[in-house]
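Structure file start39.tsv (TSV, C-alpha atoms) follows.
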chain	number	residue	atom	x	y	z
K	1	MET	CA	0.29	-12.95	11.77
K	2	SER	CA	1.74	-14.12	15.14
K	3	VAL	CA	0.27	-17.60	15.16
K	4	THR	CA	3.30	-19.29	16.69
K	5	ARG	CA	3.52	-16.80	19.53
K	6	ARG	CA	-0.15	-17.16	20.37
K	7	LYS	CA	0.19	-20.93	20.41
K	8	ALA	CA	3.26	-20.61	22.60
K	9	LEU	CA	1.32	-18.51	25.13
K	10	THR	CA	-1.43	-21.12	25.24
K	11	VAL	CA	1.09	-23.88	25.89
K	12	LEU	CA	2.79	-21.83	28.61
K	13	GLY	CA	-0.52	-21.10	30.30
K	14	ALA	CA	-1.54	-24.77	30.28
K	15	SER	CA	1.84	-25.79	31.69
K	16	ALA	CA	2.13	-23.10	34.37
K	17	ALA	CA	1.66	-25.46	37.33
K	18	SER	CA	4.33	-27.90	36.24
K	19	LEU	CA	6.76	-25.06	35.48
K	20	LEU	CA	6.29	-23.57	38.93
K	21	THR	CA	6.76	-26.96	40.55
K	22	SER	CA	9.90	-27.85	38.67
K	23	ASN	CA	11.43	-24.35	38.56
K	24	VAL	CA	12.58	-25.19	35.03
K	25	PHE	CA	12.01	-22.47	32.45
K	26	ALA	CA	12.82	-22.98	28.78
K	27	ALA	CA	14.78	-20.22	27.09
K	28	VAL	CA	12.87	-18.25	24.48
K	29	THR	CA	14.79	-17.58	21.29
K	30	LEU	CA	13.68	-14.38	19.56
K	31	PRO	CA	14.38	-13.66	15.89
K	32	GLN	CA	17.43	-11.48	15.37
K	33	ALA	CA	17.15	-8.38	13.23
K	34	PRO	CA	19.68	-8.05	10.40
K	35	ALA	CA	21.97	-5.03	10.31
K	36	VAL	CA	20.65	-2.04	8.36
K	37	GLN	CA	22.83	-1.59	5.29
K	38	PRO	CA	24.02	1.71	3.75
K	39	LEU	CA	21.92	3.09	0.93
K	40	GLN	CA	23.08	2.25	-2.59
K	41	VAL	CA	21.39	2.87	-5.94
K	42	VAL	CA	21.07	-0.32	-8.00
K	43	PRO	CA	19.30	-1.40	-11.21
K	44	CYS	CA	15.61	-1.96	-10.57
K	45	GLN	CA	14.53	-5.57	-10.01
K	46	TYR	CA	10.91	-4.73	-10.96
K	47	PRO	CA	9.71	-4.45	-14.56
K	48	VAL	CA	9.60	-0.82	-15.71
K	49	ILE	CA	6.96	-0.20	-18.39
K	50	GLU	CA	6.45	3.01	-20.36
K	51	LEU	CA	2.86	3.51	-21.51
K	52	SER	CA	1.41	6.06	-23.91
K	53	GLY	CA	-1.40	6.49	-26.42
K	54	ALA	CA	-5.12	5.87	-25.98
K	55	PRO	CA	-6.31	3.92	-22.90
K	56	PHE	CA	-6.72	0.59	-24.75
K	57	GLU	CA	-3.28	0.96	-26.31
K	58	ARG	CA	-1.69	1.74	-22.93
K	59	GLY	CA	-3.39	-1.25	-21.37
K	60	LYS	CA	-2.36	-3.62	-24.13
K	61	THR	CA	1.28	-2.51	-23.91
K	62	TYR	CA	1.12	-3.01	-20.14
K	63	GLY	CA	-0.43	-6.48	-20.42
K	64	ILE	CA	2.07	-7.72	-22.99
K	65	ALA	CA	5.02	-6.43	-20.93
K	66	VAL	CA	4.04	-8.21	-17.69
K	67	LYS	CA	1.94	-11.08	-19.02
K	68	GLU	CA	3.39	-13.74	-16.73
K	69	ALA	CA	3.35	-11.44	-13.68
K	70	VAL	CA	-0.37	-10.72	-14.23
K	71	ARG	CA	-1.11	-14.44	-14.44
K	72	ARG	CA	0.89	-15.03	-11.24
K	73	ASN	CA	-1.00	-12.20	-9.56
K	74	ILE	CA	-4.36	-13.72	-10.50
K	75	ALA	CA	-3.24	-17.09	-9.11
K	76	PHE	CA	-2.09	-15.31	-5.93
K	77	TYR	CA	-5.42	-13.57	-5.39
K	78	LYS	CA	-7.39	-16.71	-6.16
K	79	MET	CA	-5.59	-18.22	-3.19
K	80	ILE	CA	-5.98	-15.09	-1.01
K	81	PHE	CA	-9.73	-14.79	-1.68
K	82	LYS	CA	-10.29	-18.45	-0.82
K	83	THR	CA	-8.02	-18.48	2.24
K	84	PHE	CA	-9.20	-15.28	3.92
K	85	SER	CA	-12.74	-14.76	2.65
K	86	ASN	CA	-13.75	-18.24	1.44
K	87	ILE	CA	-14.62	-16.72	-1.92
K	88	SER	CA	-14.05	-18.64	-5.14
K	89	TRP	CA	-12.58	-16.85	-8.14
K	90	GLU	CA	-15.88	-17.37	-9.99
K	91	LYS	CA	-17.80	-15.65	-7.19
K	92	ALA	CA	-15.19	-12.88	-7.08
K	93	MET	CA	-15.67	-12.25	-10.80
K	94	ALA	CA	-19.44	-12.10	-10.35
K	95	THR	CA	-18.99	-9.60	-7.49
K	96	SER	CA	-16.64	-7.39	-9.48
K	97	LYS	CA	-19.25	-6.92	-12.23
K	98	LYS	CA	-21.40	-4.99	-9.74
K	99	PHE	CA	-18.79	-2.22	-9.70
K	100	LEU	CA	-18.79	-1.77	-13.49
K	101	PRO	CA	-21.50	0.94	-13.73
K	102	TYR	CA	-19.64	3.07	-11.16
K	103	ILE	CA	-16.29	2.65	-12.89
K	104	GLU	CA	-17.88	3.58	-16.22
K	105	LYS	CA	-19.45	6.72	-14.72
K	106	PHE	CA	-16.65	8.02	-12.51
K	107	CYS	CA	-13.43	6.66	-14.09
K	108	PRO	CA	-13.17	7.76	-17.73
K	109	GLY	CA	-10.89	5.51	-19.76
K	110	ALA	CA	-10.45	2.90	-17.02
K	111	ILE	CA	-12.63	0.25	-18.67
K	112	GLU	CA	-10.78	0.59	-21.98
K	113	GLU	CA	-7.41	0.44	-20.23
K	114	MET	CA	-8.40	-2.74	-18.38
K	115	LYS	CA	-9.71	-4.23	-21.62
K	116	GLY	CA	-6.32	-3.46	-23.15
K	117	VAL	CA	-4.55	-5.24	-20.28
K	118	ALA	CA	-6.80	-8.28	-20.78
K	119	ASN	CA	-6.02	-8.27	-24.49
K	120	GLY	CA	-2.29	-8.07	-23.85
K	121	VAL	CA	-2.36	-10.88	-21.30
K	122	ASP	CA	-4.81	-12.92	-23.43
K	123	LEU	CA	-7.34	-13.32	-20.63
K	124	PRO	CA	-11.02	-12.39	-20.29
K	125	PHE	CA	-11.71	-8.77	-19.27
K	126	GLU	CA	-13.58	-10.04	-16.18
K	127	GLU	CA	-10.37	-11.44	-14.71
K	128	ILE	CA	-8.55	-8.11	-14.99
K	129	LEU	CA	-11.58	-6.28	-13.60
K	130	THR	CA	-11.62	-8.65	-10.61
K	131	LEU	CA	-7.93	-8.05	-9.98
K	132	ASN	CA	-8.60	-4.29	-9.89
K	133	CYS	CA	-11.43	-4.83	-7.39
K	134	ARG	CA	-9.32	-7.03	-5.11
K	135	SER	CA	-9.59	-4.78	-2.01
K	136	GLU	CA	-13.40	-4.75	-2.17
K	137	ILE	CA	-13.64	-8.53	-2.52
K	138	MET	CA	-11.53	-9.52	0.50
K	139	PHE	CA	-12.52	-7.40	3.48
K	140	ALA	CA	-11.22	-10.12	5.82
K	141	ALA	CA	-7.55	-9.72	4.82
K	142	SER	CA	-5.88	-6.34	5.27
K	143	ASP	CA	-2.41	-5.60	3.98
K	144	GLY	CA	-0.32	-3.40	6.25
K	145	CYS	CA	1.85	-0.35	5.73
K	146	THR	CA	3.36	2.68	7.43
K	147	ALA	CA	3.11	6.08	5.75
K	148	VAL	CA	4.70	9.42	6.57
K	149	ALA	CA	4.51	12.89	4.99
K	150	PHE	CA	6.45	16.14	5.52
K	151	LEU	CA	5.65	19.73	4.57
K	152	LYS	CA	8.36	22.01	3.15
K	153	GLU	CA	9.06	23.69	6.49
K	154	GLN	CA	9.71	20.26	8.04
K	155	THR	CA	12.49	19.40	5.56
K	156	THR	CA	15.97	20.85	4.95
K	157	SER	CA	15.41	20.65	1.19
K	158	ARG	CA	12.22	22.76	1.35
K	159	SER	CA	10.43	19.97	-0.52
K	160	VAL	CA	7.24	18.07	0.20
K	161	LEU	CA	8.28	14.49	1.00
K	162	LEU	CA	6.11	11.35	1.23
K	163	GLY	CA	7.07	7.79	2.05
K	164	GLN	CA	5.64	4.44	2.96
K	165	THR	CA	6.25	0.74	3.38
K	166	TRP	CA	3.92	-1.82	1.83
K	167	ASP	CA	3.47	-4.93	3.98
K	168	TRP	CA	1.77	-7.90	2.37
K	169	PHE	CA	2.63	-11.53	1.57
K	170	MET	CA	5.98	-12.36	-0.03
K	171	PRO	CA	4.57	-13.58	-3.40
K	172	ALA	CA	3.46	-9.99	-4.05
K	173	ARG	CA	7.08	-8.87	-4.44
K	174	GLU	CA	7.62	-10.66	-7.76
K	175	ASN	CA	4.35	-9.21	-9.06
K	176	THR	CA	5.34	-5.57	-8.47
K	177	CYS	CA	6.02	-3.26	-11.42
K	178	ILE	CA	6.81	0.40	-12.16
K	179	LEU	CA	4.58	2.25	-14.64
K	180	LYS	CA	5.56	5.44	-16.46
K	181	ILE	CA	2.33	6.68	-18.01
K	182	ARG	CA	2.15	9.50	-20.57
K	183	GLN	CA	-1.38	10.88	-21.00
K	184	GLU	CA	-2.72	13.48	-23.40
K	185	LYS	CA	-5.54	14.90	-21.28
K	186	ALA	CA	-4.20	14.23	-17.78
K	187	PRO	CA	-0.85	14.51	-15.97
K	188	ASP	CA	1.91	12.03	-16.65
K	189	ILE	CA	2.21	9.44	-13.85
K	190	LEU	CA	5.03	7.53	-12.18
K	191	MET	CA	3.33	4.67	-10.32
K	192	VAL	CA	4.19	1.53	-8.38
K	193	ALA	CA	1.52	-1.10	-9.06
K	194	GLU	CA	0.66	-4.74	-8.68
K	195	ALA	CA	0.84	-6.38	-12.12
K	196	GLY	CA	-2.49	-5.97	-13.90
K	197	LEU	CA	-3.81	-3.17	-11.66
K	198	ILE	CA	-4.20	0.24	-13.30
K	199	GLY	CA	-4.10	2.16	-10.00
K	200	GLY	CA	-1.35	2.35	-7.41
K	201	LYS	CA	0.92	4.57	-5.33
K	202	GLY	CA	3.14	7.24	-6.82
K	203	LEU	CA	3.26	10.81	-8.10
K	204	ASN	CA	2.36	12.83	-11.18
K	205	SER	CA	3.81	15.64	-13.28
K	206	CYS	CA	1.67	18.23	-11.44
K	207	GLY	CA	3.35	17.37	-8.13
K	208	ILE	CA	0.50	15.31	-6.65
K	209	GLY	CA	1.74	12.32	-4.62
K	210	LEU	CA	-0.16	9.37	-3.18
K	211	CYS	CA	0.41	6.74	-0.47
K	212	LEU	CA	-1.97	4.05	0.83
K	213	ASN	CA	-2.80	2.56	4.21
K	214	ALA	CA	-5.23	-0.36	4.34
K	215	VAL	CA	-8.03	0.06	6.90
K	216	SER	CA	-11.44	-1.58	7.15
K	217	ILE	CA	-14.91	-1.30	8.63
K	218	GLY	CA	-15.46	-4.92	7.57
K	219	SER	CA	-18.08	-4.24	4.92
K	220	GLY	CA	-18.68	-2.33	1.73
K	221	LYS	CA	-21.23	-1.44	-0.91
K	222	GLU	CA	-21.47	-1.02	-4.65
K	223	GLY	CA	-19.35	1.92	-5.75
K	224	VAL	CA	-15.93	2.90	-7.07
K	225	PRO	CA	-13.18	0.45	-6.00
K	226	LEU	CA	-10.08	1.68	-4.16
K	227	HIS	CA	-7.52	1.23	-6.93
K	228	LEU	CA	-9.71	3.12	-9.40
K	229	ILE	CA	-10.01	5.97	-6.87
K	230	MET	CA	-6.22	5.94	-6.60
K	231	ARG	CA	-5.82	6.21	-10.36
K	232	ASN	CA	-8.26	9.14	-10.43
K	233	ILE	CA	-6.21	10.91	-7.75
K	234	LEU	CA	-3.03	10.53	-9.79
K	235	ASN	CA	-4.96	11.95	-12.78
K	236	SER	CA	-5.59	15.12	-10.72
K	237	THR	CA	-3.85	18.48	-11.11
K	238	LEU	CA	-4.76	19.99	-7.72
K	239	PRO	CA	-5.16	18.61	-4.18
K	240	THR	CA	-8.80	19.72	-4.20
K	241	GLU	CA	-9.36	17.67	-7.36
K	242	ALA	CA	-7.69	14.72	-5.65
K	243	LEU	CA	-9.96	15.11	-2.63
K	244	ASP	CA	-12.98	15.33	-4.93
K	245	CYS	CA	-12.09	11.83	-6.22
K	246	ILE	CA	-12.96	10.56	-2.74
K	247	ALA	CA	-15.55	12.97	-1.40
K	248	HIS	CA	-17.97	13.04	-4.32
K	249	VAL	CA	-18.07	9.44	-5.52
K	250	PRO	CA	-19.89	6.39	-4.14
K	251	ARG	CA	-17.08	4.56	-2.33
K	252	ALA	CA	-17.11	0.76	-2.45
K	253	GLY	CA	-14.80	0.17	0.53
K	254	SER	CA	-12.45	1.78	3.02
K	255	ALA	CA	-8.90	3.16	2.92
K	256	THR	CA	-6.59	5.88	4.13
K	257	LEU	CA	-4.95	7.79	1.30
K	258	THR	CA	-2.12	10.19	2.13
K	259	ILE	CA	-2.12	12.87	-0.55
K	260	GLY	CA	0.58	15.48	-0.99
K	261	SER	CA	1.05	18.50	-3.24
K	262	ALA	CA	4.33	20.12	-4.28
K	263	GLU	CA	2.64	23.44	-3.47
K	264	ASP	CA	3.08	22.53	0.23
K	265	LEU	CA	0.17	20.48	1.47
K	266	VAL	CA	-0.21	16.97	2.85
K	267	MET	CA	-3.36	15.29	4.11
K	268	ALA	CA	-4.44	11.83	5.17
K	269	VAL	CA	-7.93	11.14	3.87
K	270	GLU	CA	-9.65	8.36	5.78
K	271	TYR	CA	-12.78	7.00	4.18
K	272	SER	CA	-15.40	4.28	4.45
K	273	PRO	CA	-18.43	3.68	2.22
K	274	ASN	CA	-20.52	6.11	4.26
K	275	GLU	CA	-18.06	8.64	5.67
K	276	PHE	CA	-14.77	10.41	5.07
K	277	ASP	CA	-12.51	12.72	7.07
K	278	VAL	CA	-9.42	14.78	6.28
K	279	LEU	CA	-6.44	14.89	8.66
K	280	MET	CA	-4.10	17.77	7.74
K	281	ALA	CA	-0.42	18.20	8.53
K	282	GLU	CA	0.24	21.50	10.27
K	283	GLU	CA	2.77	21.74	13.11
K	284	GLU	CA	3.90	18.11	12.88
K	285	PRO	CA	4.43	15.71	9.97
K	286	LEU	CA	1.68	13.20	9.22
K	287	ALA	CA	2.05	9.52	10.07
K	288	HIS	CA	-0.44	6.70	9.54
K	289	THR	CA	-0.65	2.92	9.80
K	290	ASN	CA	-3.61	0.52	9.63
K	291	HIS	CA	-6.28	1.80	11.98
K	292	PHE	CA	-8.62	4.77	11.69
K	293	LEU	CA	-7.66	7.92	13.61
K	294	SER	CA	-10.72	10.03	12.78
K	295	PRO	CA	-13.36	10.09	15.55
K	296	LEU	CA	-15.97	9.96	12.78
K	297	ILE	CA	-14.91	6.51	11.57
K	298	ALA	CA	-12.81	4.96	14.35
K	299	PRO	CA	-15.88	3.62	16.26
K	300	HIS	CA	-16.66	1.45	13.21
K	301	ASP	CA	-13.11	0.14	12.72
K	302	LYS	CA	-13.15	-3.65	12.16
K	303	GLY	CA	-9.55	-3.93	10.98
K	304	LYS	CA	-7.84	-2.55	14.08
K	305	ALA	CA	-7.57	-6.02	15.63
K	306	GLY	CA	-5.98	-7.40	12.45
K	307	PRO	CA	-2.28	-6.50	12.27
K	308	LEU	CA	-1.82	-5.34	15.88
K	309	SER	CA	1.56	-3.94	14.92
K	310	THR	CA	-0.45	-1.01	13.54
K	311	TYR	CA	-0.21	0.52	17.03
K	312	THR	CA	3.49	-0.13	17.68
K	313	ARG	CA	4.45	0.99	14.17
K	314	LEU	CA	2.51	4.25	14.51
K	315	ASN	CA	4.09	4.94	17.89
K	316	THR	CA	7.56	4.13	16.55
K	317	ILE	CA	7.34	6.41	13.52
K	318	ARG	CA	5.83	9.26	15.55
K	319	ARG	CA	8.59	9.05	18.18
K	320	LYS	CA	11.28	9.01	15.50
K	321	ILE	CA	9.77	12.04	13.77
K	322	LYS	CA	9.63	14.02	17.03
K	323	LYS	CA	13.39	13.53	17.53
K	324	LEU	CA	14.07	15.35	14.27
K	325	ASP	CA	14.31	19.10	13.91
K	326	LYS	CA	13.89	18.75	10.16
K	327	VAL	CA	14.16	15.72	7.93
K	328	ASP	CA	17.20	15.87	5.66
K	329	GLY	CA	15.92	14.80	2.25
K	330	LEU	CA	14.63	11.57	0.72
K	331	ASN	CA	17.43	9.43	2.16
K	332	ALA	CA	16.46	10.48	5.69
K	333	VAL	CA	12.79	9.61	5.08
K	334	TYR	CA	13.88	6.25	3.69
K	335	SER	CA	16.06	5.68	6.77
K	336	LEU	CA	13.04	6.14	9.07
K	337	LEU	CA	11.36	3.18	7.35
K	338	THR	CA	14.32	0.83	7.96
K	339	SER	CA	13.67	0.68	11.73
K	340	HIS	CA	13.77	-2.77	13.37
K	341	GLU	CA	12.20	-1.76	16.68
K	342	PHE	CA	9.84	-4.58	17.78
K	343	PHE	CA	11.39	-6.87	15.15
K	344	PRO	CA	10.11	-8.73	13.21
K	345	GLU	CA	6.87	-6.70	13.38
K	346	SER	CA	8.80	-3.48	12.84
K	347	LEU	CA	8.51	-0.63	10.35
K	348	CYS	CA	10.78	-2.75	8.17
K	349	TYR	CA	8.53	-5.78	8.68
K	350	HIS	CA	10.17	-9.19	8.26
K	351	GLU	CA	8.71	-12.65	7.85
K	352	ASP	CA	8.42	-14.44	11.19
K	353	PHE	CA	9.64	-17.97	10.48
K	354	ARG	CA	8.13	-19.18	13.77
K	355	ASP	CA	4.76	-18.87	12.00
K	356	SER	CA	3.48	-21.42	9.52
K	357	GLY	CA	1.72	-20.71	6.24
K	358	LEU	CA	1.59	-17.25	4.67
K	359	ARG	CA	3.78	-14.69	6.42
K	360	ALA	CA	3.53	-10.92	6.18
K	361	CYS	CA	6.56	-8.82	5.38
K	362	THR	CA	7.54	-5.50	3.83
K	363	ILE	CA	7.34	-5.98	0.07
K	364	TYR	CA	9.02	-2.64	-0.57
K	365	SER	CA	9.35	0.88	0.77
K	366	MET	CA	9.08	3.97	-1.42
K	367	VAL	CA	9.82	7.64	-0.81
K	368	MET	CA	8.94	10.63	-3.01
K	369	ASP	CA	10.05	14.25	-3.43
K	370	LEU	CA	7.03	15.98	-4.96
K	371	ASN	CA	9.01	19.07	-5.97
K	372	SER	CA	11.82	17.33	-7.82
K	373	LYS	CA	9.30	14.62	-8.82
K	374	THR	CA	11.69	11.89	-7.75
K	375	LEU	CA	10.82	8.44	-6.40
K	376	LEU	CA	13.07	5.90	-4.66
K	377	ILE	CA	11.91	2.30	-4.21
K	378	SER	CA	13.62	-0.49	-2.31
K	379	ASN	CA	14.60	-3.69	-4.10
K	380	GLY	CA	13.45	-5.99	-1.30
K	381	TYR	CA	13.49	-5.17	2.42
K	382	PRO	CA	14.19	-1.47	3.16
K	383	CYS	CA	16.98	-2.44	5.58
K	384	GLU	CA	18.96	-4.03	2.74
K	385	GLY	CA	19.65	-0.54	1.40
K	386	LYS	CA	19.25	-1.36	-2.30
K	387	VAL	CA	17.14	1.29	-3.99
K	388	SER	CA	16.28	2.32	-7.53
K	389	GLU	CA	15.60	5.94	-8.48
K	390	PHE	CA	13.01	7.27	-10.92
K	391	SER	CA	11.83	10.73	-11.91
K	392	ILE	CA	9.09	12.20	-14.05
Kindly return the structure encoded in the file as structure tokens.
Amino acid sequence: MSVTRRKALTVLGASAASLLTSNVFAAVTLPQAPAVQPLQVVPCQYPVIELSGAPFERGKTYGIAVKEAVRRNIAFYKMIFKTFSNISWEKAMATSKKFLPYIEKFCPGAIEEMKGVANGVDLPFEEILTLNCRSEIMFAASDGCTAVAFLKEQTTSRSVLLGQTWDWFMPARENTCILKIRQEKAPDILMVAEAGLIGGKGLNSCGIGLCLNAVSIGSGKEGVPLHLIMRNILNSTLPTEALDCIAHVPRAGSATLTIGSAEDLVMAVEYSPNEFDVLMAEEEPLAHTNHFLSPLIAPHDKGKAGPLSTYTRLNTIRRKIKKLDKVDGLNAVYSLLTSHEFFPESLCYHEDFRDSGLRACTIYSMVMDLNSKTLLISNGYPCEGKVSEFSI
């Protein structure tokens, strides 16, 4: 996203001779990082929707509650698909239909829930389906994020703690919502989602937690889309069930999913359409950004040259973790994600106003205690210190 800086380097290179001759060097003004503010709990700025009943009923309640946000989100992804992948919304809808047989087979209830959302928003089902397949349609644009996970022995609270930032484009912030889902035949879920999507990051009543890092091999195939895999994981009661949601389904795209269990396990599962690998936390906490770490998949990584801050962010979070003996609760995990090292492309990632057009930034950060089943989410940039607290 550093367009301005790249242009500046080109100009400097072209002007090197004249600069050397004149001995005149222009001062470079770097963006200044804002001060990190103390943590304070505030009312949530995102819609909070409680869902229950049969899948269609849950979806309809969801759609009615965030009708305008879903419509904004569709308009946003119409623009994203066209800008980054040169795909029209009509072509995107045609592509999403190819995933339907896999969703029907491997994601019980998902079709009915999406139909309910469409009914609540008063839009065709195909538009909601396309929104839920957004990661598989736009391989050329990868959202960023930094995730971290701690086992019980690595925390003073003896709890399993997960956290992450979500870095995307600023319009996504107003389309974020919190879902509290009560289910009869699956765990209850506390989930942070993009309006209209039925899968997202969060935790469930069985102590399973989930974070996401976007990665890419630049291609995909017909299979189960990412956000449907994520919903299946949050429907799981055991970490092995959660892993089964990745290992034994045809995968449409690529992702890294950090999965934790309150019974004291965390793992980063990297996957592509043709391969998957499991990175387990043992002596050190897990940390992940936006490039593959597994030697099985890393040679095929096409996204690693996308947000190059993936390397500096991973190094930053790893160094910060190593300085800790043990992390002191959710607030301490949250504090890690407020870092402004290498600002503005820091863990707390800010818009770079030297760049034109769409600018990446941290939409929110979230941290979870899987034992107390508590989730904190930032209202805006993590460094602003304004968080809302939820539990299940």
Show me, as an NGL selection string, the residues that have an atom within 10 Å of K:Glu153 when counting only C-alpha atoms, minus same-chain residues fewer than 5 positions from it. :K and (158-160 or 264 or 282-285 or 326-327)
Go ahead and save the picked residues with C-alpha atoms, as a CSV table (one decimal), keeping the file's coordinate frame.
chain,number,residue,atom,x,y,z
K,158,ARG,CA,12.2,22.8,1.4
K,159,SER,CA,10.4,20.0,-0.5
K,160,VAL,CA,7.2,18.1,0.2
K,264,ASP,CA,3.1,22.5,0.2
K,282,GLU,CA,0.2,21.5,10.3
K,283,GLU,CA,2.8,21.7,13.1
K,284,GLU,CA,3.9,18.1,12.9
K,285,PRO,CA,4.4,15.7,10.0
K,326,LYS,CA,13.9,18.8,10.2
K,327,VAL,CA,14.2,15.7,7.9
Identify which of the residues K:Asn204, K:Ser294, K:Asn132, K:Thr95 lies closest to K:Pro187, counting all atoms listed in the file when measuring atom-to-atom distances.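 Selected residue with least distance to K:Pro187: K:Asn204.
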How many Å separate atom CA of K:Pro55 from atom CA of K:Glu136?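 If I compute the distance from atom CA of K:Pro55 to atom CA of K:Glu136, I get 23.6 Å.
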Using all atoms listed in the file, which protein or nucleic acid residues come within 12 Å of K:Ala247? Drop anything in the same chain fewer than 2 positions from it, and give the result as a PyMOL selection string. chain K and resi 224+229+233+240-245+249-251+269-278
May I have a table of the residues of stretch 118-215 of chain K lying at most 7 Å from stretch 363-378 of chain K, giving each one's closest pair of atoms and their distance in Å to one decimal, counting all atoms listed in the file, ordered by chain and ascending residue number, as a tab-separated table?
residue	atom	partner	partner_atom	distance
K:Ser159	CA	K:Asn371	CA	5.7
K:Val160	CA	K:Leu370	CA	5.6
K:Leu161	CA	K:Asp369	CA	4.8
K:Leu162	CA	K:Met368	CA	5.1
K:Gly163	CA	K:Val367	CA	4.0
K:Gln164	CA	K:Ser365	CA	5.6
K:Thr165	CA	K:Ser365	CA	4.1
K:Trp166	CA	K:Ile363	CA	5.7
K:Asp167	CA	K:Ile363	CA	5.6
K:Trp168	CA	K:Ile363	CA	6.3
K:Met170	CA	K:Ile363	CA	6.5
K:Ala172	CA	K:Ile363	CA	6.9
K:Arg173	CA	K:Ile363	CA	5.4
K:Gly207	CA	K:Leu370	CA	5.1
K:Ile208	CA	K:Leu370	CA	6.8
K:Gly209	CA	K:Leu370	CA	6.4
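Checking K:Glu126, K:Ser205, K:His248, K:His300 one by one against K:Arg182, counting only C-alpha atoms, you find the shortest gap at K:Ser205.
Closest approach to K:Pro43 among K:Asn86, K:Asn379, K:Asn331, K:Thr237 is made by K:Asn379 (distances from all atoms listed in the file).
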To one decimal in Å, tell me the separation between atom CA of K:Ser254 and atom CA of K:Ser96. 16.1 Å
Given all atoms listed in the file as the counted atoms, nearest of K:Lys82, K:Arg71, K:Lys97, K:Arg318 to K:Thr289: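 Looking at the shortest contact to K:Thr289, the residue is K:Arg318.
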Would you kindly identify which residues have an atom no farther than 12 Å from (17.3, -10.1, 13.1), using only C-alpha atoms and the file's own coordinates, and write them out as a PDB file with C-alpha atoms, in the frame of the given file?
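To be explicit, this is the file written out as point.pdb:
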ATOM      1  CA  THR K  29      14.790 -17.580  21.290  1.00  0.00           C
ATOM      2  CA  LEU K  30      13.680 -14.380  19.560  1.00  0.00           C
ATOM      3  CA  PRO K  31      14.380 -13.660  15.890  1.00  0.00           C
ATOM      4  CA  GLN K  32      17.430 -11.480  15.370  1.00  0.00           C
ATOM      5  CA  ALA K  33      17.150  -8.380  13.230  1.00  0.00           C
ATOM      6  CA  PRO K  34      19.680  -8.050  10.400  1.00  0.00           C
ATOM      7  CA  ALA K  35      21.970  -5.030  10.310  1.00  0.00           C
ATOM      8  CA  VAL K  36      20.650  -2.040   8.360  1.00  0.00           C
ATOM      9  CA  SER K 339      13.670   0.680  11.730  1.00  0.00           C
ATOM     10  CA  HIS K 340      13.770  -2.770  13.370  1.00  0.00           C
ATOM     11  CA  GLU K 341      12.200  -1.760  16.680  1.00  0.00           C
ATOM     12  CA  PHE K 342       9.840  -4.580  17.780  1.00  0.00           C
ATOM     13  CA  PHE K 343      11.390  -6.870  15.150  1.00  0.00           C
ATOM     14  CA  PRO K 344      10.110  -8.730  13.210  1.00  0.00           C
ATOM     15  CA  GLU K 345       6.870  -6.700  13.380  1.00  0.00           C
ATOM     16  CA  SER K 346       8.800  -3.480  12.840  1.00  0.00           C
ATOM     17  CA  CYS K 348      10.780  -2.750   8.170  1.00  0.00           C
ATOM     18  CA  TYR K 349       8.530  -5.780   8.680  1.00  0.00           C
ATOM     19  CA  HIS K 350      10.170  -9.190   8.260  1.00  0.00           C
ATOM     20  CA  GLU K 351       8.710 -12.650   7.850  1.00  0.00           C
ATOM     21  CA  ASP K 352       8.420 -14.440  11.190  1.00  0.00           C
ATOM     22  CA  PHE K 353       9.640 -17.970  10.480  1.00  0.00           C
ATOM     23  CA  CYS K 383      16.980  -2.440   5.580  1.00  0.00           C
TER      24      CYS K 383
END
Let me make sure I understand: among K:Lys322, K:Arg231, K:Arg354, K:Arg359, which one has the smallest atom-to-atom distance to K:Gln154 if we use all atoms listed in the file?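 Selected residue with least distance to K:Gln154: K:Lys322.
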Kindly give the distance, in Å, that separates atom CA of K:Leu179 and atom CA of K:Ile49, rounded to a single decimal. 5.1 Å
Near-K:Cys44 list (7 Å; all atoms listed in the file; drop same-chain fewer than 2 positions) as a PyMOL selection string: chain K and resi 42+46+379+388
